[in-house]
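> A single structure is presented below for examination.
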Amino acid sequence: MDYSKQIQDIASKLFADDKIDVFVGYCMNGFDDNQVPVVITDPKEVQALVFTEKSVFNLSNYLKADHTRGKRVGLVVKGCDSRSLNLLLTENQVKRDKLYIIGIACEGVVDDRGQKMQNCMECIVPDAVVFDEMLGTPKGKKDYIVNADITELAAKGLVERREYFEEIFDNCIRCNACRHSCPLCYDRL
Amino acid sequence: MSFSTFVTDKNGLQKLYEAIISKHETFAPVEKFGKYDYKKVSSLEECDPDSPIAMTMSVKPLFFPRSSKIIKYEATSAGTTIHETEQDQLAGPRVILGVKHCDARGLQVLEAVNKWDYIDSDFLKRRSNTVIFSTRCDKADTHCFCTSLDYDVENLDAMDVAIVSGPDGKIYIQARTEKGENFLNQNPAPGSQSPAPSAGEEMKKQYEGFMTSFRLKMDYKDVNEKMAKRFDSTAFEEATRNCVSCNTCAFICPTCHCFKISDEKIKDTGVRYKSYDSCNNVYFTLEAGGHNPRPAKYRRWRQRSMHKFVYYKERFGVNLCVGCGHCAISCPVNISIFEVVNHVAAAPTEV
Amino acid sequence: MEALLVPSLARIDRIIQETPDVRTYRMKFKDDSLMEKFSWQPGQFVEFSLLGSGECTFCISSSVTRKGYFDCSIKRAGIVTADIHSDLEEGDDVGIRGPYGNCFPLEDIKGKNLLFVGGGIGLAPLRSLIQYCIDNRGDYKDFTILYGARTSADLCFKEEIEEWKKNTSIKVVLTIDKPEDTWKENVGVVPKILEEVVKPEIANTKVITCGPPIMIKYTLQSLDRLGFAPKDVITTLEMKMQCGLGKCGRCNIGSTYICKDGPVFTYEQLKALPDEF
């Protein structure tokens, strides 16, 4: 799964045709083989864009940031990202006609040790559900599988479930980073 | 006062740790879900004093809690009463094992702000009641850059007792402060007294290896001046464009110390809390009238990096960053304050 | 640290509705000995808390020379101030910490002509100094107060202004932004009136000003045009603060902590700060 070249071409064309002001994609982080999101405003920078199975972060999160608010944005979304983007559209947080969406028929992403993510193994919507252009061969929807951990948790009693969550949240430092890096937690408090 | 050094081996160190844990209130890194946090321990098996630096949370919350109660109060028709909360259990004599060198320096740096004008006696008392055992690193992690910042390889004074591993598997236990010396006198370290380990040629070689193991290097002396000249630089905006303002960098930072005061009320009773806050938060400086002096993300980043590398240095003579790299490790989009500062310092002064 | 953040209880004695959205809360500590010991300088502030809603920073708007009480004049602006306006009644208890911050340079202004330039709620911090100077009138030469607001209803401290007017040793100039039928005094924004009506003497004069940011901006320009040296112009900054102790980092501008090194600054000092207030 490497769409780097295609995405670079699409982005430069979009800038050249004056269809977007900002492009949100991925680039290398500059020190190892992992990637970081990048917000591009200068057409000269599109050569830095990449997309591989290491493109993990959900870019629809950037639609609530200063750089993109009110602007025409091009962005890359995988199946899962496109679903959060779809929700933002449904809830009128972004305007569809301001977006140029490159959808990916995703084959699953990997974590920084190179192992396929657990959520990707259970993914039921690998193809982008909202897009202007699709890269890769769509695989279609899969049947819904209930996660084994959730089945196990649901079978527990109230007290045990509480214990389980207390155990998990024992490590929480209350930085609220989860809220800020969630694309759907867009309310401004 | 000259401090003693003991030479022993891995086994001897283990024995010393065990003896300390059995006699004193001891905190050490405890693993959970792959991350290490400092917790109270009752045996050496529970913890790992040699926990990997990248996976270990800062020891700061043991001195400056993530959240603490200021007051409890009751407000009824009969009137209002305020109760001071018991000032915590963290203040008693204790030992912390396995503190990383950068983290220990973080506490040293924080003393300045807690000592000026109004004195944060809680912080200082917790520090003076604590004996810090710290292991000198011998290898840098991906995001480490402590050697770029006020770092002196011979200066281990932020630790009370330094554990230094030498060649041939020898381990040197060095007292670095009076408190550490007294502690080692009362809790004798196994092995024999020895001269300070820095003397040996082999030791020197080992630390040359350490110094060259850093991926990130900069000349910070230059950086302070360069940053000060680039307040209006567009480089702040360029370097922080993909920040999602999640603030986790401030919460895990060993030197960040901004906090907020908030009330929580249920019916007639309530609690007032002091808890961590971050200057990267858009609400940090938002005034009631709607005016915000730092409405844009790059302005908040500018405050954060200038405070660490320029303002704190001007005011208290030391950088408010110890180069631990935890901000970059925790950042969901891999921004390192190192790279922001480096980018700004390299930018042209004229905009 | 936490011990320094514990407030003392004070009781609201009187609430004065100054304008539709400004009220002055007159209070004293419930503990009489605390009230006796409580001393402050004009320009200092307190942390005022409505328990359950939160803590806010307000300057003390009365002078220490008026014994037995202190005032905070509060404009309804945010969440806590809205709660203060809607929930607080006479006889209620509030938490007070302070006083914090520096004060107006009392030594520097001795023997000088004083020109106060206030706008809207900005008269509150000035009022503390005005009262102080009136009570030590002999120490100062000419005494001028220029005060403006958007409408006549938005003028704070109306009763007190009437008293000042009756005092022949004080010159009071009032102005509102737009003409009103019953209004007999000046009409126009503060900087305009300053240049056209007040025409202050420059030599040996200290200007003390406070008001909304936009008024301050143009007033400073006018004062510049009139020929005042930046060191003779004194203002007090509004900045979000929380601890008041120089610890929480909120009011940090450059290497300055507004809550410790301020809130009172001369225009000369302000010019040296990064533009972040």
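Going through the structure tokens in order, the chains are called A, B, and so on, while each chain numbers its residues from 1 and the ligands are numbered from 1 in the order shown.
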Output the contact residues of chain B with respect to chain C at a cut-off of 7 Å, based on only C-alpha atoms, as a ChimeraX atom specification.

/B:70-71,80,113,118,120-122,257-265,270,284-289,293-294,311-312,314-315

> Assign secondary structure with DSSP using the backbone only, and return the residues of range 88-182 of chain B in strand (DSSP E) as a PyMOL selection string.

chain B and resi 94-100+130-135+161-165+171-175

> Chain A residues within 9 Å of chain B, counting only C-alpha atoms: which ones, as a list in words?

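Written out as asked, the residues are Asn29, Phe31, Gln35, Val36, Pro37, Val38, Val39, Ile40, Phe57, Asn61, Tyr62, Ala65, Asp66, His67, Ile168, Asn171, Ile173, Arg174, Cys175, Asn176, Ala177, Cys178, Arg179, His180 and Ser181 of chain A.
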
> Neighbouring residues of range 68-73 of chain C were defined as those with any atom within 9 Å, considering only C-alpha atoms; residues of the same chain fewer than 5 positions away were excluded. Please report them as a VMD selection string.

chain C and resid 13 16 18 22 to 29 35 to 36 46 48 58 to 63 121 124 to 125

> Do you know which residues are at most 10 Å from Cys210 in chain C counting only C-alpha atoms, after dropping those on the same chain fewer than 6 positions away, and could you put them as a compact mmCIF listing (two decimals) with C-alpha atoms, in the first residue's frame?


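Once written, out23.txt looks like this:
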```
# COMPACT_ATOMS: atom_id res chain seq x y z
CA PHE C 116 -6.56 60.52 35.92
CA VAL C 117 -7.90 59.20 32.62
CA GLY C 118 -10.49 56.44 33.01
CA GLY C 119 -12.91 54.63 30.74
CA GLY C 120 -15.84 52.43 31.77
CA ILE C 121 -15.01 49.91 34.48
CA GLY C 122 -11.41 51.18 34.23
CA LEU C 123 -12.27 53.79 36.83
CA ALA C 124 -12.37 51.06 39.49
CA PRO C 125 -8.61 50.67 40.03
CA LEU C 126 -8.17 54.42 39.68
CA TYR C 147 -13.79 59.91 32.88
CA ILE C 216 -5.86 52.74 26.19
CA THR C 219 -5.15 57.51 24.81
CA ILE C 234 1.12 54.95 34.50
CA THR C 235 -1.40 52.26 33.73
CA THR C 236 -2.65 49.03 35.25
CA LEU C 237 -2.89 45.86 33.20
CA GLU C 238 -5.70 43.42 32.98
CA VAL C 264 0.83 48.63 37.59
```

> With a distance cut-off of 7 Å and only C-alpha atoms, select the neighbouring residues of range 142-150 of chain A, excluding the residue or stretch itself and same-chain residues fewer than 6 positions from it, and output the selection as a PDB file with C-alpha atoms, in the first residue's frame.


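Now in around-v5.pdb:
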```
ATOM      1  CA  GLU A 122     -11.348  -6.254  12.877  1.00  0.00           C
ATOM      2  CA  ILE A 124     -15.402  -3.678   8.683  1.00  0.00           C
ATOM      3  CA  VAL A 125     -15.223  -0.527   6.545  1.00  0.00           C
TER       4      VAL A 125
END
```

> Which neighbours of Val94 in chain A fall inside 12 Å, counting only C-alpha atoms, when residues of the same chain fewer than 2 positions from it are skipped, and could you give them as a PyMOL selection string?

chain A and resi 60-65+68-73+84-92+96-100+183-184+186

> Can I get the selection written as a compact mmCIF listing (two decimals), in the first residue's frame, with N, CA, C and O atoms?


```txt
# COMPACT_ATOMS: atom_id res chain seq x y z
N SER A 60 -8.81 13.84 9.77
CA SER A 60 -10.03 14.66 9.86
C SER A 60 -9.99 15.50 11.13
O SER A 60 -10.71 16.49 11.26
N ASN A 61 -9.11 15.14 12.07
CA ASN A 61 -8.92 15.93 13.28
C ASN A 61 -8.48 17.36 12.96
O ASN A 61 -8.80 18.30 13.68
N TYR A 62 -7.74 17.52 11.85
CA TYR A 62 -7.23 18.86 11.52
C TYR A 62 -8.30 19.79 10.98
O TYR A 62 -8.06 20.97 10.82
N LEU A 63 -9.49 19.25 10.71
CA LEU A 63 -10.55 20.13 10.21
C LEU A 63 -11.09 21.03 11.30
O LEU A 63 -11.84 21.96 11.02
N LYS A 64 -10.73 20.77 12.55
CA LYS A 64 -11.18 21.67 13.61
C LYS A 64 -10.07 22.62 14.04
O LYS A 64 -10.20 23.33 15.03
N ALA A 65 -8.93 22.61 13.32
CA ALA A 65 -7.80 23.45 13.72
C ALA A 65 -7.83 24.81 13.03
O ALA A 65 -8.51 24.99 12.03
N THR A 68 -7.24 25.31 9.09
CA THR A 68 -8.14 24.84 8.07
C THR A 68 -9.53 25.46 8.18
O THR A 68 -10.30 25.37 7.26
N ARG A 69 -9.82 26.08 9.32
CA ARG A 69 -11.17 26.58 9.52
C ARG A 69 -11.52 27.62 8.45
O ARG A 69 -10.80 28.60 8.26
N GLY A 70 -12.61 27.37 7.75
CA GLY A 70 -13.07 28.33 6.74
C GLY A 70 -12.30 28.28 5.43
O GLY A 70 -12.59 29.03 4.51
N LYS A 71 -11.30 27.38 5.33
CA LYS A 71 -10.51 27.34 4.10
C LYS A 71 -10.90 26.13 3.25
O LYS A 71 -11.57 25.22 3.72
N ARG A 72 -10.43 26.14 2.01
CA ARG A 72 -10.66 24.99 1.14
C ARG A 72 -9.53 23.99 1.39
O ARG A 72 -8.36 24.33 1.24
N VAL A 73 -9.92 22.79 1.79
CA VAL A 73 -8.92 21.83 2.27
C VAL A 73 -8.94 20.57 1.42
O VAL A 73 -10.00 20.03 1.11
N SER A 84 -15.29 9.20 10.49
CA SER A 84 -15.34 10.34 11.42
C SER A 84 -15.59 11.63 10.66
O SER A 84 -16.31 12.52 11.11
N LEU A 85 -15.01 11.71 9.46
CA LEU A 85 -15.25 12.89 8.62
C LEU A 85 -16.73 12.99 8.26
O LEU A 85 -17.33 14.07 8.30
N ASN A 86 -17.31 11.82 7.96
CA ASN A 86 -18.73 11.77 7.62
C ASN A 86 -19.58 12.32 8.77
O ASN A 86 -20.54 13.05 8.56
N LEU A 87 -19.18 11.95 9.99
CA LEU A 87 -19.92 12.44 11.16
C LEU A 87 -19.80 13.95 11.29
O LEU A 87 -20.77 14.65 11.59
N LEU A 88 -18.58 14.46 11.05
CA LEU A 88 -18.38 15.91 11.11
C LEU A 88 -19.26 16.60 10.08
O LEU A 88 -19.81 17.68 10.33
N LEU A 89 -19.39 15.98 8.90
CA LEU A 89 -20.23 16.55 7.86
C LEU A 89 -21.69 16.53 8.29
O LEU A 89 -22.41 17.52 8.17
N THR A 90 -22.11 15.39 8.83
CA THR A 90 -23.50 15.25 9.26
C THR A 90 -23.84 16.27 10.34
O THR A 90 -24.94 16.80 10.38
N GLU A 91 -22.88 16.52 11.21
CA GLU A 91 -23.15 17.44 12.31
C GLU A 91 -22.79 18.88 11.95
O GLU A 91 -22.63 19.73 12.83
N ASN A 92 -22.61 19.12 10.65
CA ASN A 92 -22.39 20.47 10.16
C ASN A 92 -21.17 21.18 10.72
O ASN A 92 -21.15 22.39 10.86
N ARG A 96 -19.04 20.30 3.00
CA ARG A 96 -18.57 19.34 2.01
C ARG A 96 -17.94 20.03 0.81
O ARG A 96 -16.92 19.59 0.29
N ASP A 97 -18.53 21.17 0.38
CA ASP A 97 -18.02 21.80 -0.85
C ASP A 97 -16.68 22.51 -0.63
O ASP A 97 -16.05 22.95 -1.57
N LYS A 98 -16.24 22.59 0.62
CA LYS A 98 -14.91 23.17 0.87
C LYS A 98 -13.82 22.10 0.90
O LYS A 98 -12.66 22.40 1.09
N LEU A 99 -14.23 20.84 0.79
CA LEU A 99 -13.27 19.76 0.94
C LEU A 99 -13.00 19.06 -0.38
O LEU A 99 -13.90 18.89 -1.21
N TYR A 100 -11.75 18.67 -0.58
CA TYR A 100 -11.44 17.73 -1.65
C TYR A 100 -10.86 16.50 -0.96
O TYR A 100 -9.79 16.55 -0.37
N PRO A 183 -11.15 13.47 16.64
CA PRO A 183 -11.79 14.34 15.65
C PRO A 183 -13.24 14.67 15.99
O PRO A 183 -13.76 15.69 15.55
N LEU A 184 -13.87 13.82 16.75
CA LEU A 184 -15.29 14.04 17.02
C LEU A 184 -15.55 14.83 18.30
O LEU A 184 -16.65 15.30 18.54
N TYR A 186 -15.30 17.83 19.15
CA TYR A 186 -15.01 19.14 18.58
C TYR A 186 -15.60 20.29 19.37
O TYR A 186 -15.35 21.44 19.08
```

> Please, what distance in Å, to one decimal, runs between CA of Pro49 in chain B and CA of Leu97 in chain B?

5.8 Å

> Among range 77-224 of chain C, which ones does DSSP assign to alpha helix (DSSP H) (computed from the backbone)? Answer as a PDB file with C-alpha atoms, in the first residue's frame.


```pdb
ATOM      1  CA  ILE C  79     -19.000  32.602  34.020  1.00  0.00           C
ATOM      2  CA  VAL C  80     -17.932  33.447  37.568  1.00  0.00           C
ATOM      3  CA  THR C  81     -18.896  37.114  37.367  1.00  0.00           C
ATOM      4  CA  ALA C  82     -22.309  36.120  36.026  1.00  0.00           C
ATOM      5  CA  ASP C  83     -22.732  33.848  39.053  1.00  0.00           C
ATOM      6  CA  ILE C  84     -21.549  36.610  41.360  1.00  0.00           C
ATOM      7  CA  HIS C  85     -24.150  38.995  39.963  1.00  0.00           C
ATOM      8  CA  SER C  86     -26.971  36.505  40.072  1.00  0.00           C
ATOM      9  CA  ASP C  87     -26.222  34.619  43.309  1.00  0.00           C
ATOM     10  CA  LEU C 106       2.985  56.608  45.558  1.00  0.00           C
ATOM     11  CA  GLU C 107       6.378  58.201  46.144  1.00  0.00           C
ATOM     12  CA  ASP C 108       6.866  59.157  42.498  1.00  0.00           C
ATOM     13  CA  ILE C 109       3.571  61.017  42.230  1.00  0.00           C
ATOM     14  CA  LEU C 123     -12.265  53.785  36.827  1.00  0.00           C
ATOM     15  CA  ALA C 124     -12.371  51.058  39.495  1.00  0.00           C
ATOM     16  CA  PRO C 125      -8.608  50.668  40.025  1.00  0.00           C
ATOM     17  CA  LEU C 126      -8.171  54.424  39.681  1.00  0.00           C
ATOM     18  CA  ARG C 127     -10.820  55.047  42.331  1.00  0.00           C
ATOM     19  CA  SER C 128      -8.626  53.402  44.950  1.00  0.00           C
ATOM     20  CA  LEU C 129      -5.852  55.863  44.180  1.00  0.00           C
ATOM     21  CA  ILE C 130      -8.230  58.830  43.764  1.00  0.00           C
ATOM     22  CA  GLN C 131      -9.676  58.238  47.225  1.00  0.00           C
ATOM     23  CA  TYR C 132      -6.183  57.808  48.634  1.00  0.00           C
ATOM     24  CA  CYS C 133      -5.032  61.089  47.058  1.00  0.00           C
ATOM     25  CA  ILE C 134      -8.148  62.970  48.139  1.00  0.00           C
ATOM     26  CA  ASP C 135      -7.505  61.810  51.706  1.00  0.00           C
ATOM     27  CA  LYS C 158     -22.124  58.245  39.996  1.00  0.00           C
ATOM     28  CA  GLU C 159     -22.738  59.300  43.606  1.00  0.00           C
ATOM     29  CA  GLU C 160     -19.051  59.581  44.267  1.00  0.00           C
ATOM     30  CA  ILE C 161     -18.461  61.561  41.089  1.00  0.00           C
ATOM     31  CA  GLU C 162     -21.043  64.089  42.324  1.00  0.00           C
ATOM     32  CA  GLU C 163     -19.022  64.425  45.544  1.00  0.00           C
ATOM     33  CA  TRP C 164     -15.818  64.916  43.561  1.00  0.00           C
ATOM     34  CA  LYS C 165     -17.507  67.617  41.533  1.00  0.00           C
ATOM     35  CA  LYS C 166     -18.489  69.458  44.704  1.00  0.00           C
ATOM     36  CA  VAL C 190     -11.807  60.034  25.836  1.00  0.00           C
ATOM     37  CA  PRO C 191      -8.655  60.743  23.745  1.00  0.00           C
ATOM     38  CA  LYS C 192     -10.497  63.500  21.822  1.00  0.00           C
ATOM     39  CA  ILE C 193     -11.720  65.186  24.978  1.00  0.00           C
ATOM     40  CA  PRO C 213      -7.829  48.105  25.471  1.00  0.00           C
ATOM     41  CA  ILE C 214      -9.072  50.225  22.570  1.00  0.00           C
ATOM     42  CA  MET C 215      -9.320  53.358  24.733  1.00  0.00           C
ATOM     43  CA  ILE C 216      -5.856  52.741  26.193  1.00  0.00           C
ATOM     44  CA  LYS C 217      -4.402  52.371  22.728  1.00  0.00           C
ATOM     45  CA  TYR C 218      -5.672  55.748  21.507  1.00  0.00           C
ATOM     46  CA  THR C 219      -5.152  57.514  24.810  1.00  0.00           C
ATOM     47  CA  LEU C 220      -1.494  56.516  24.817  1.00  0.00           C
ATOM     48  CA  GLN C 221      -1.177  57.930  21.302  1.00  0.00           C
ATOM     49  CA  SER C 222      -2.833  61.192  22.393  1.00  0.00           C
ATOM     50  CA  LEU C 223      -0.575  61.484  25.412  1.00  0.00           C
ATOM     51  CA  ASP C 224       2.374  60.909  23.128  1.00  0.00           C
TER      52      ASP C 224
END
```

> Mind checking which residues fall within 8 Å of Ser39 in chain C, counting only C-alpha atoms, ignoring those fewer than 2 positions away in the same chain, and posting them as a CSV table (one decimal) with all heavy atoms, in the first residue's frame?


```csv
chain,number,residue,atom,x,y,z
C,36,GLU,N,-8.7,44.3,60.8
C,36,GLU,CA,-7.8,45.3,61.3
C,36,GLU,C,-6.4,45.2,60.7
C,36,GLU,O,-5.8,46.3,60.4
C,36,GLU,CB,-7.7,45.2,62.8
C,36,GLU,CG,-8.5,46.3,63.5
C,36,GLU,CD,-8.7,45.9,65.0
C,36,GLU,OE1,-7.7,45.7,65.7
C,36,GLU,OE2,-9.9,45.8,65.4
C,37,LYS,N,-5.9,44.0,60.5
C,37,LYS,CA,-4.6,43.8,60.0
C,37,LYS,C,-4.5,44.0,58.5
C,37,LYS,O,-3.5,44.3,57.9
C,37,LYS,CB,-4.1,42.4,60.3
C,37,LYS,CG,-3.4,42.3,61.7
C,37,LYS,CD,-2.8,40.9,61.8
C,37,LYS,CE,-3.9,39.9,62.2
C,37,LYS,NZ,-3.4,38.5,62.2
C,41,GLN,N,-2.3,48.7,49.3
C,41,GLN,CA,-1.9,50.0,48.6
C,41,GLN,C,-2.8,50.1,47.4
C,41,GLN,O,-3.3,49.1,46.8
C,41,GLN,CB,-0.5,49.8,48.1
C,41,GLN,CG,0.5,49.5,49.2
C,41,GLN,CD,0.8,50.7,50.1
C,41,GLN,OE1,0.9,51.8,49.6
C,41,GLN,NE2,0.9,50.5,51.4
C,64,VAL,N,-7.4,52.3,51.3
C,64,VAL,CA,-7.1,51.9,52.7
C,64,VAL,C,-7.4,53.0,53.7
C,64,VAL,O,-7.6,52.7,54.9
C,64,VAL,CB,-5.6,51.3,52.8
C,64,VAL,CG1,-4.6,52.5,52.7
C,64,VAL,CG2,-5.4,50.5,54.0
C,99,PRO,N,-3.8,41.0,49.9
C,99,PRO,CA,-3.7,41.7,48.6
C,99,PRO,C,-2.4,41.2,47.9
C,99,PRO,O,-1.4,40.9,48.5
C,99,PRO,CB,-3.6,43.1,48.9
C,99,PRO,CG,-2.9,43.2,50.2
C,99,PRO,CD,-3.4,42.0,51.0
```

> Between CA of Lys141 in chain C and CA of Asn113 in chain C, what is the spacing in Å?

4.8 Å

> Distance CA of Pro93 in chain B-CA of Lys15 in chain B, one decimal place?

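Interatomic distance, CA of Pro93 in chain B to CA of Lys15 in chain B: 20.9 Å.
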